[in-house]
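input_33.pdb, holding PDB, C-alpha atoms and all ligand atoms:
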ATOM      1  CA  MET A  19      43.691  11.588  13.674
ATOM      2  CA  LYS A  20      40.951  12.640  16.029
ATOM      3  CA  ASN A  21      38.523  10.420  17.930
ATOM      4  CA  VAL A  22      35.630   9.206  15.795
ATOM      5  CA  ILE A  23      32.235   9.527  17.445
ATOM      6  CA  LEU A  24      29.242   7.647  16.101
ATOM      7  CA  ILE A  25      25.825   9.038  16.920
ATOM      8  CA  GLY A  26      22.324   8.102  15.838
ATOM      9  CA  PHE A  27      19.088   6.520  16.904
ATOM     10  CA  MET A  28      18.977   3.228  18.809
ATOM     11  CA  GLY A  29      19.381   0.463  16.245
ATOM     12  CA  SER A  30      21.198   2.628  13.698
ATOM     13  CA  GLY A  31      24.237   0.326  13.883
ATOM     14  CA  LYS A  32      26.663   2.398  15.983
ATOM     15  CA  THR A  33      27.996  -0.582  17.915
ATOM     16  CA  THR A  34      28.574  -2.955  14.986
ATOM     17  CA  THR A  35      29.872  -0.223  12.690
ATOM     18  CA  GLY A  36      32.159   0.949  15.493
ATOM     19  CA  GLU A  37      33.619  -2.549  15.763
ATOM     20  CA  VAL A  38      34.333  -2.711  12.022
ATOM     21  CA  LEU A  39      35.905   0.763  12.054
ATOM     22  CA  SER A  40      38.015  -0.193  15.037
ATOM     23  CA  ARG A  41      39.468  -3.162  13.141
ATOM     24  CA  LYS A  42      40.088  -1.103  10.018
ATOM     25  CA  LEU A  43      41.641   1.892  11.762
ATOM     26  CA  GLY A  44      43.469  -0.147  14.405
ATOM     27  CA  ILE A  45      42.180   1.914  17.317
ATOM     28  CA  PRO A  46      39.920   0.684  20.115
ATOM     29  CA  VAL A  47      36.165   1.107  20.169
ATOM     30  CA  SER A  48      34.221   2.043  23.287
ATOM     31  CA  ASP A  49      30.484   2.062  23.757
ATOM     32  CA  THR A  50      29.275   4.805  26.103
ATOM     33  CA  ASP A  51      26.407   2.681  27.478
ATOM     34  CA  ALA A  52      28.832  -0.129  28.284
ATOM     35  CA  MET A  53      31.263   2.325  29.923
ATOM     36  CA  ILE A  54      28.501   3.757  32.113
ATOM     37  CA  GLU A  55      27.191   0.285  32.978
ATOM     38  CA  LYS A  56      30.694  -0.715  34.055
ATOM     39  CA  ARG A  57      31.229   2.437  36.117
ATOM     40  CA  GLU A  58      27.871   2.124  37.836
ATOM     41  CA  ASN A  59      27.875  -1.669  37.948
ATOM     42  CA  MET A  60      24.270  -1.568  36.745
ATOM     43  CA  SER A  61      22.464  -1.978  33.421
ATOM     44  CA  VAL A  62      21.060   1.069  31.611
ATOM     45  CA  ASN A  63      17.586  -0.306  32.351
ATOM     46  CA  GLU A  64      18.361  -0.432  36.084
ATOM     47  CA  ILE A  65      19.841   3.086  36.064
ATOM     48  CA  PHE A  66      16.658   4.454  34.433
ATOM     49  CA  ASP A  67      14.453   2.515  36.890
ATOM     50  CA  ARG A  68      16.341   3.490  40.013
ATOM     51  CA  TYR A  69      17.529   7.014  39.295
ATOM     52  CA  GLY A  70      15.598   8.173  36.227
ATOM     53  CA  GLU A  71      16.605   9.451  32.807
ATOM     54  CA  ASN A  72      18.057  12.758  34.024
ATOM     55  CA  ALA A  73      20.563  10.978  36.223
ATOM     56  CA  PHE A  74      21.582   8.811  33.262
ATOM     57  CA  ARG A  75      22.062  11.955  31.139
ATOM     58  CA  ASP A  76      24.283  13.399  33.898
ATOM     59  CA  MET A  77      26.367  10.213  33.764
ATOM     60  CA  GLU A  78      26.730  10.643  29.983
ATOM     61  CA  THR A  79      27.969  14.220  30.480
ATOM     62  CA  GLU A  80      30.399  13.114  33.193
ATOM     63  CA  LEU A  81      31.749  10.427  30.893
ATOM     64  CA  LEU A  82      32.284  12.901  28.048
ATOM     65  CA  LEU A  83      34.053  15.269  30.443
ATOM     66  CA  SER A  84      36.368  12.528  31.651
ATOM     67  CA  LEU A  85      37.206  11.529  28.065
ATOM     68  CA  GLN A  86      38.407  15.070  27.230
ATOM     69  CA  SER A  87      41.697  14.434  29.015
ATOM     70  CA  ASP A  88      42.103  10.818  27.902
ATOM     71  CA  PRO A  89      45.070  10.529  25.488
ATOM     72  CA  GLN A  90      43.769   7.249  24.006
ATOM     73  CA  LYS A  91      42.336   7.799  20.507
ATOM     74  CA  ARG A  92      39.239   5.739  19.976
ATOM     75  CA  ILE A  93      36.001   5.126  18.150
ATOM     76  CA  LEU A  94      33.163   6.076  20.470
ATOM     77  CA  SER A  95      29.712   4.560  19.954
ATOM     78  CA  ALA A  96      27.473   7.047  21.709
ATOM     79  CA  GLY A  97      24.171   6.196  23.373
ATOM     80  CA  GLY A  98      21.298   7.331  21.150
ATOM     81  CA  GLY A  99      20.179  10.105  23.503
ATOM     82  CA  MET A 100      23.621  11.548  24.222
ATOM     83  CA  PRO A 101      23.385  14.410  21.679
ATOM     84  CA  VAL A 102      20.079  15.606  23.121
ATOM     85  CA  ARG A 103      21.856  17.761  25.704
ATOM     86  CA  GLU A 104      23.580  20.782  24.233
ATOM     87  CA  ILE A 105      26.586  20.395  26.545
ATOM     88  CA  ASN A 106      27.040  16.854  25.239
ATOM     89  CA  ARG A 107      26.949  18.055  21.629
ATOM     90  CA  LYS A 108      29.695  20.560  22.440
ATOM     91  CA  LEU A 109      31.774  17.994  24.321
ATOM     92  CA  MET A 110      31.475  15.467  21.493
ATOM     93  CA  LYS A 111      32.584  18.054  18.917
ATOM     94  CA  LYS A 112      35.580  18.899  21.095
ATOM     95  CA  LEU A 113      36.424  15.223  21.337
ATOM     96  CA  GLY A 114      36.545  14.454  17.625
ATOM     97  CA  THR A 115      34.704  13.967  14.344
ATOM     98  CA  VAL A 116      31.018  13.308  14.953
ATOM     99  CA  ILE A 117      29.333  11.018  12.437
ATOM    100  CA  TYR A 118      25.574  10.557  12.250
ATOM    101  CA  LEU A 119      24.398   7.095  11.197
ATOM    102  CA  GLN A 120      21.028   7.770   9.600
ATOM    103  CA  ALA A 121      18.312   5.137   9.392
ATOM    104  CA  ASP A 122      14.658   5.440   8.475
ATOM    105  CA  SER A 123      11.919   4.409  10.893
ATOM    106  CA  GLN A 124      11.100   1.204   9.000
ATOM    107  CA  THR A 125      14.737   0.038   9.194
ATOM    108  CA  LEU A 126      14.835   0.892  12.888
ATOM    109  CA  LEU A 127      11.596  -1.007  13.509
ATOM    110  CA  GLU A 128      13.084  -4.136  11.926
ATOM    111  CA  ARG A 129      16.298  -3.809  13.937
ATOM    112  CA  LEU A 130      14.629  -3.019  17.251
ATOM    113  CA  ALA A 131      11.717  -5.477  17.212
ATOM    114  CA  GLY A 132      11.803  -7.649  20.331
ATOM    115  CA  ASP A 133      14.413  -5.512  22.097
ATOM    116  CA  THR A 134      13.935  -5.192  25.847
ATOM    117  CA  SER A 135      17.208  -3.505  26.775
ATOM    118  CA  ARG A 136      16.161   0.041  25.913
ATOM    119  CA  PRO A 137      14.034   1.961  28.421
ATOM    120  CA  LYS A 138      13.060   4.644  25.872
ATOM    121  CA  LEU A 139      11.258   2.037  23.778
ATOM    122  CA  LYS A 140       9.213   0.460  26.546
ATOM    123  CA  GLY A 141       5.433   0.428  26.396
ATOM    124  CA  GLY A 142       3.004   1.200  23.592
ATOM    125  CA  ASP A 143       3.453   0.655  19.909
ATOM    126  CA  LEU A 144       7.117   0.377  18.912
ATOM    127  CA  PHE A 145       6.724   2.070  15.524
ATOM    128  CA  SER A 146       4.976   5.122  17.070
ATOM    129  CA  ARG A 147       7.645   5.379  19.743
ATOM    130  CA  ILE A 148      10.362   5.312  17.106
ATOM    131  CA  THR A 149       8.689   7.882  14.846
ATOM    132  CA  SER A 150       7.830  10.325  17.632
ATOM    133  CA  LEU A 151      11.291  10.141  19.215
ATOM    134  CA  MET A 152      12.923  10.457  15.796
ATOM    135  CA  ALA A 153      10.804  13.546  15.055
ATOM    136  CA  GLN A 154      12.241  15.136  18.208
ATOM    137  CA  ARG A 155      15.785  14.070  17.470
ATOM    138  CA  GLU A 156      16.489  14.235  13.739
ATOM    139  CA  ALA A 157      17.443  17.941  13.748
ATOM    140  CA  ILE A 158      19.568  17.367  16.855
ATOM    141  CA  TYR A 159      21.533  14.543  15.228
ATOM    142  CA  LEU A 160      22.066  16.693  12.137
ATOM    143  CA  SER A 161      23.312  19.681  14.102
ATOM    144  CA  ALA A 162      25.567  17.537  16.294
ATOM    145  CA  SER A 163      27.408  15.912  13.353
ATOM    146  CA  SER A 164      29.787  16.932  10.589
ATOM    147  CA  ILE A 165      29.450  13.724   8.530
ATOM    148  CA  ARG A 166      26.214  11.806   7.784
ATOM    149  CA  VAL A 167      25.948   8.288   6.401
ATOM    150  CA  ARG A 168      22.733   6.469   5.458
ATOM    151  CA  THR A 169      22.642   2.924   6.752
ATOM    152  CA  ASP A 170      19.379   1.563   5.308
ATOM    153  CA  GLY A 171      19.938  -1.708   3.453
ATOM    154  CA  LYS A 172      23.706  -1.592   4.050
ATOM    155  CA  THR A 173      25.974  -3.933   5.980
ATOM    156  CA  PRO A 174      28.184  -2.524   8.780
ATOM    157  CA  GLU A 175      31.170  -3.128   6.438
ATOM    158  CA  GLU A 176      29.587  -0.967   3.740
ATOM    159  CA  VAL A 177      28.746   1.748   6.247
ATOM    160  CA  ALA A 178      32.284   1.636   7.662
ATOM    161  CA  ALA A 179      33.765   1.915   4.145
ATOM    162  CA  GLU A 180      31.657   5.025   3.501
ATOM    163  CA  ILE A 181      32.782   6.526   6.780
ATOM    164  CA  LEU A 182      36.437   5.883   5.970
ATOM    165  CA  SER A 183      36.111   7.537   2.604
ATOM    166  CA  ALA A 184      34.303  10.537   4.153
ATOM    167  CA  LEU A 185      37.050  10.811   6.782
ATOM    168  CA  GLU A 186      39.705  10.705   4.075
ATOM    169  CA  THR A 187      37.949  13.441   2.131
ATOM    170  CA  ALA A 188      37.819  15.474   5.313
ATOM    171  CA  SER A 189      41.563  14.621   5.767
ATOM    172  CA  GLU A 190      40.777  13.320   9.216
ATOM    173  CA  ILE A 191      42.806  10.122   9.046
ATOM    174  CA  SER A 192      45.967  11.499   7.512
ATOM    175  CA  GLU A 193      46.402  14.161  10.200
TER     176      GLU A 193
HETATM  177  C1  LIG B   1      18.998   5.813  24.563
HETATM  178  C2  LIG B   1      19.790   4.996  23.777
HETATM  179  C3  LIG B   1      20.523   3.847  24.318
HETATM  180  C4  LIG B   1      20.860   4.061  25.794
HETATM  181  C5  LIG B   1      19.619   4.404  26.566
HETATM  182  C6  LIG B   1      18.915   5.660  26.038
HETATM  183  C7  LIG B   1      18.244   6.914  23.917
HETATM  184  O1  LIG B   1      21.730   3.648  23.584
HETATM  185  O2  LIG B   1      21.830   5.052  25.953
HETATM  186  O3  LIG B   1      18.761   3.297  26.490
HETATM  187  O4  LIG B   1      17.717   7.790  24.634
HETATM  188  O5  LIG B   1      18.170   6.935  22.661
HETATM  189  P1  LIG B   1      21.784   2.939  22.131
HETATM  190  O6  LIG B   1      21.537   3.997  21.106
HETATM  191  O7  LIG B   1      23.190   2.436  22.059
HETATM  192  O8  LIG B   1      20.776   1.880  22.123
END
Just give me the structure as structure tokens.
Amino acid sequence: MKNVILIGFMGSGKTTTGEVLSRKLGIPVSDTDAMIEKRENMSVNEIFDRYGENAFRDMETELLLSLQSDPQKRILSAGGGMPVREINRKLMKKLGTVIYLQADSQTLLERLAGDTSRPKLKGGDLFSRITSLMAQREAIYLSASSIRVRTDGKTPEEVAAEILSALETASEISE
């Protein structure tokens, strides 16, 4: 099988769903934010504060480039902004099957309320930030992915089961 790459908005459940999929498929899960934080020895918040968003996006591209030659098959939970750069969309497609975890703005609001770890959500009204960023990104997430799964009102187990069945249909896990 190929790598499985989970994309979607912050709070769409990439990390938890990735963990469930990892258990079910018996391959490791890696979170791109956590990988970058480890490499840089700094939190995503600190990277944005010190070097700015563009530098963080460069780090995401570098990470995707380095994964191209990694023989380890894995589930990759991608940072929510990773698909925004075209090069990243191409690199993710080369790396494996890209799955978009869809969530509506109300679901995201409930999941993200009180969060302070995400620089893109800082300041102003959370719901407006979510809706305006989602308006910019929805088409990007759709074009970056080959499988889409709605997550509203579902547990990570239910979402993972839908992903597995979509992967089977696409014959991705028998290859
Ligand atoms: C971002 C999403 C975050 C993280 C950074 C920027 C974004 O990842 O990469 O805060 O631009 O959507 P999660 O989607 O894992 O929260």
For the structure shown, which residues end up in the PyMOL selection byres (((chain A and resi 176-179) around 8) and not hetatm)? Put them as an MDAnalysis selection string, please? chainID A and resid 35:36 38:39 167:169 172:175 180:183
The selected residues should be written to file as a PDB file, in the coordinates of the input (atoms: C-alpha atoms).
ATOM      1  CA  THR A  35      29.872  -0.223  12.690  1.00  0.00           C
ATOM      2  CA  GLY A  36      32.159   0.949  15.493  1.00  0.00           C
ATOM      3  CA  VAL A  38      34.333  -2.711  12.022  1.00  0.00           C
ATOM      4  CA  LEU A  39      35.905   0.763  12.054  1.00  0.00           C
ATOM      5  CA  VAL A 167      25.948   8.288   6.401  1.00  0.00           C
ATOM      6  CA  ARG A 168      22.733   6.469   5.458  1.00  0.00           C
ATOM      7  CA  THR A 169      22.642   2.924   6.752  1.00  0.00           C
ATOM      8  CA  LYS A 172      23.706  -1.592   4.050  1.00  0.00           C
ATOM      9  CA  THR A 173      25.974  -3.933   5.980  1.00  0.00           C
ATOM     10  CA  PRO A 174      28.184  -2.524   8.780  1.00  0.00           C
ATOM     11  CA  GLU A 175      31.170  -3.128   6.438  1.00  0.00           C
ATOM     12  CA  GLU A 180      31.657   5.025   3.501  1.00  0.00           C
ATOM     13  CA  ILE A 181      32.782   6.526   6.780  1.00  0.00           C
ATOM     14  CA  LEU A 182      36.437   5.883   5.970  1.00  0.00           C
ATOM     15  CA  SER A 183      36.111   7.537   2.604  1.00  0.00           C
TER      16      SER A 183
END
Would you list the contacts of segment 98-111 of chain A as a short mmCIF file (atom, residue, chain, number, x, y, z; two decimals) with C-alpha atoms, keeping the file's coordinate frame, taking every protein, DNA or RNA residue within 8 Å and counting all atoms listed in the file, but skipping same-chain residues closer than 2 positions in sequence?
data_model
loop_
_atom_site.label_atom_id
_atom_site.label_comp_id
_atom_site.auth_asym_id
_atom_site.auth_seq_id
_atom_site.Cartn_x
_atom_site.Cartn_y
_atom_site.Cartn_z
CA ILE A 23 32.24 9.53 17.44
CA ILE A 25 25.82 9.04 16.92
CA GLY A 26 22.32 8.10 15.84
CA PHE A 27 19.09 6.52 16.90
CA MET A 28 18.98 3.23 18.81
CA ARG A 75 22.06 11.96 31.14
CA GLU A 78 26.73 10.64 29.98
CA THR A 79 27.97 14.22 30.48
CA LEU A 82 32.28 12.90 28.05
CA LEU A 83 34.05 15.27 30.44
CA GLN A 86 38.41 15.07 27.23
CA ALA A 96 27.47 7.05 21.71
CA LEU A 113 36.42 15.22 21.34
CA GLY A 114 36.54 14.45 17.62
CA THR A 115 34.70 13.97 14.34
CA VAL A 116 31.02 13.31 14.95
CA ARG A 155 15.78 14.07 17.47
CA ILE A 158 19.57 17.37 16.86
CA TYR A 159 21.53 14.54 15.23
CA ALA A 162 25.57 17.54 16.29
CA SER A 163 27.41 15.91 13.35
#
All residues within 10 Å of ligand LIG 1 (chain B) are required, counting all atoms listed in the file; please report them as a short mmCIF file (atom, residue, chain, number, x, y, z; two decimals) with C-alpha atoms, in the coordinates of the input.
data_model
loop_
_atom_site.label_atom_id
_atom_site.label_comp_id
_atom_site.auth_asym_id
_atom_site.auth_seq_id
_atom_site.Cartn_x
_atom_site.Cartn_y
_atom_site.Cartn_z
CA LEU A 24 29.24 7.65 16.10
CA ILE A 25 25.82 9.04 16.92
CA GLY A 26 22.32 8.10 15.84
CA PHE A 27 19.09 6.52 16.90
CA MET A 28 18.98 3.23 18.81
CA GLY A 29 19.38 0.46 16.24
CA SER A 30 21.20 2.63 13.70
CA GLY A 31 24.24 0.33 13.88
CA LYS A 32 26.66 2.40 15.98
CA THR A 33 28.00 -0.58 17.92
CA ASP A 49 30.48 2.06 23.76
CA THR A 50 29.28 4.80 26.10
CA ASP A 51 26.41 2.68 27.48
CA ALA A 52 28.83 -0.13 28.28
CA ILE A 54 28.50 3.76 32.11
CA SER A 61 22.46 -1.98 33.42
CA VAL A 62 21.06 1.07 31.61
CA ASN A 63 17.59 -0.31 32.35
CA ILE A 65 19.84 3.09 36.06
CA PHE A 66 16.66 4.45 34.43
CA GLU A 71 16.60 9.45 32.81
CA PHE A 74 21.58 8.81 33.26
CA ARG A 75 22.06 11.96 31.14
CA GLU A 78 26.73 10.64 29.98
CA SER A 95 29.71 4.56 19.95
CA ALA A 96 27.47 7.05 21.71
CA GLY A 97 24.17 6.20 23.37
CA GLY A 98 21.30 7.33 21.15
CA GLY A 99 20.18 10.10 23.50
CA MET A 100 23.62 11.55 24.22
CA PRO A 101 23.38 14.41 21.68
CA VAL A 102 20.08 15.61 23.12
CA LEU A 130 14.63 -3.02 17.25
CA ASP A 133 14.41 -5.51 22.10
CA THR A 134 13.94 -5.19 25.85
CA SER A 135 17.21 -3.50 26.78
CA ARG A 136 16.16 0.04 25.91
CA PRO A 137 14.03 1.96 28.42
CA LYS A 138 13.06 4.64 25.87
CA LEU A 139 11.26 2.04 23.78
CA LYS A 140 9.21 0.46 26.55
CA ILE A 148 10.36 5.31 17.11
CA LEU A 151 11.29 10.14 19.22
CA MET A 152 12.92 10.46 15.80
CA ARG A 155 15.78 14.07 17.47
#
Between A:Ile93, A:Leu185, A:Ile165, A:Leu144, which is the closest to Gln120 of chain A once you count all atoms listed in the file?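 Selected residue with least distance to Gln120 of chain A: A:Ile165.
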How many Å separate atom CA of Arg147 of chain A from atom CA of Leu160 of chain A?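 Between these atoms lies a distance of 19.8 Å.
Distances to Ser150 of chain A were evaluated for A:Ser48, A:Ser40, A:Ser123, A:Gln90 using all atoms listed in the file, and the minimum falls at A:Ser123.
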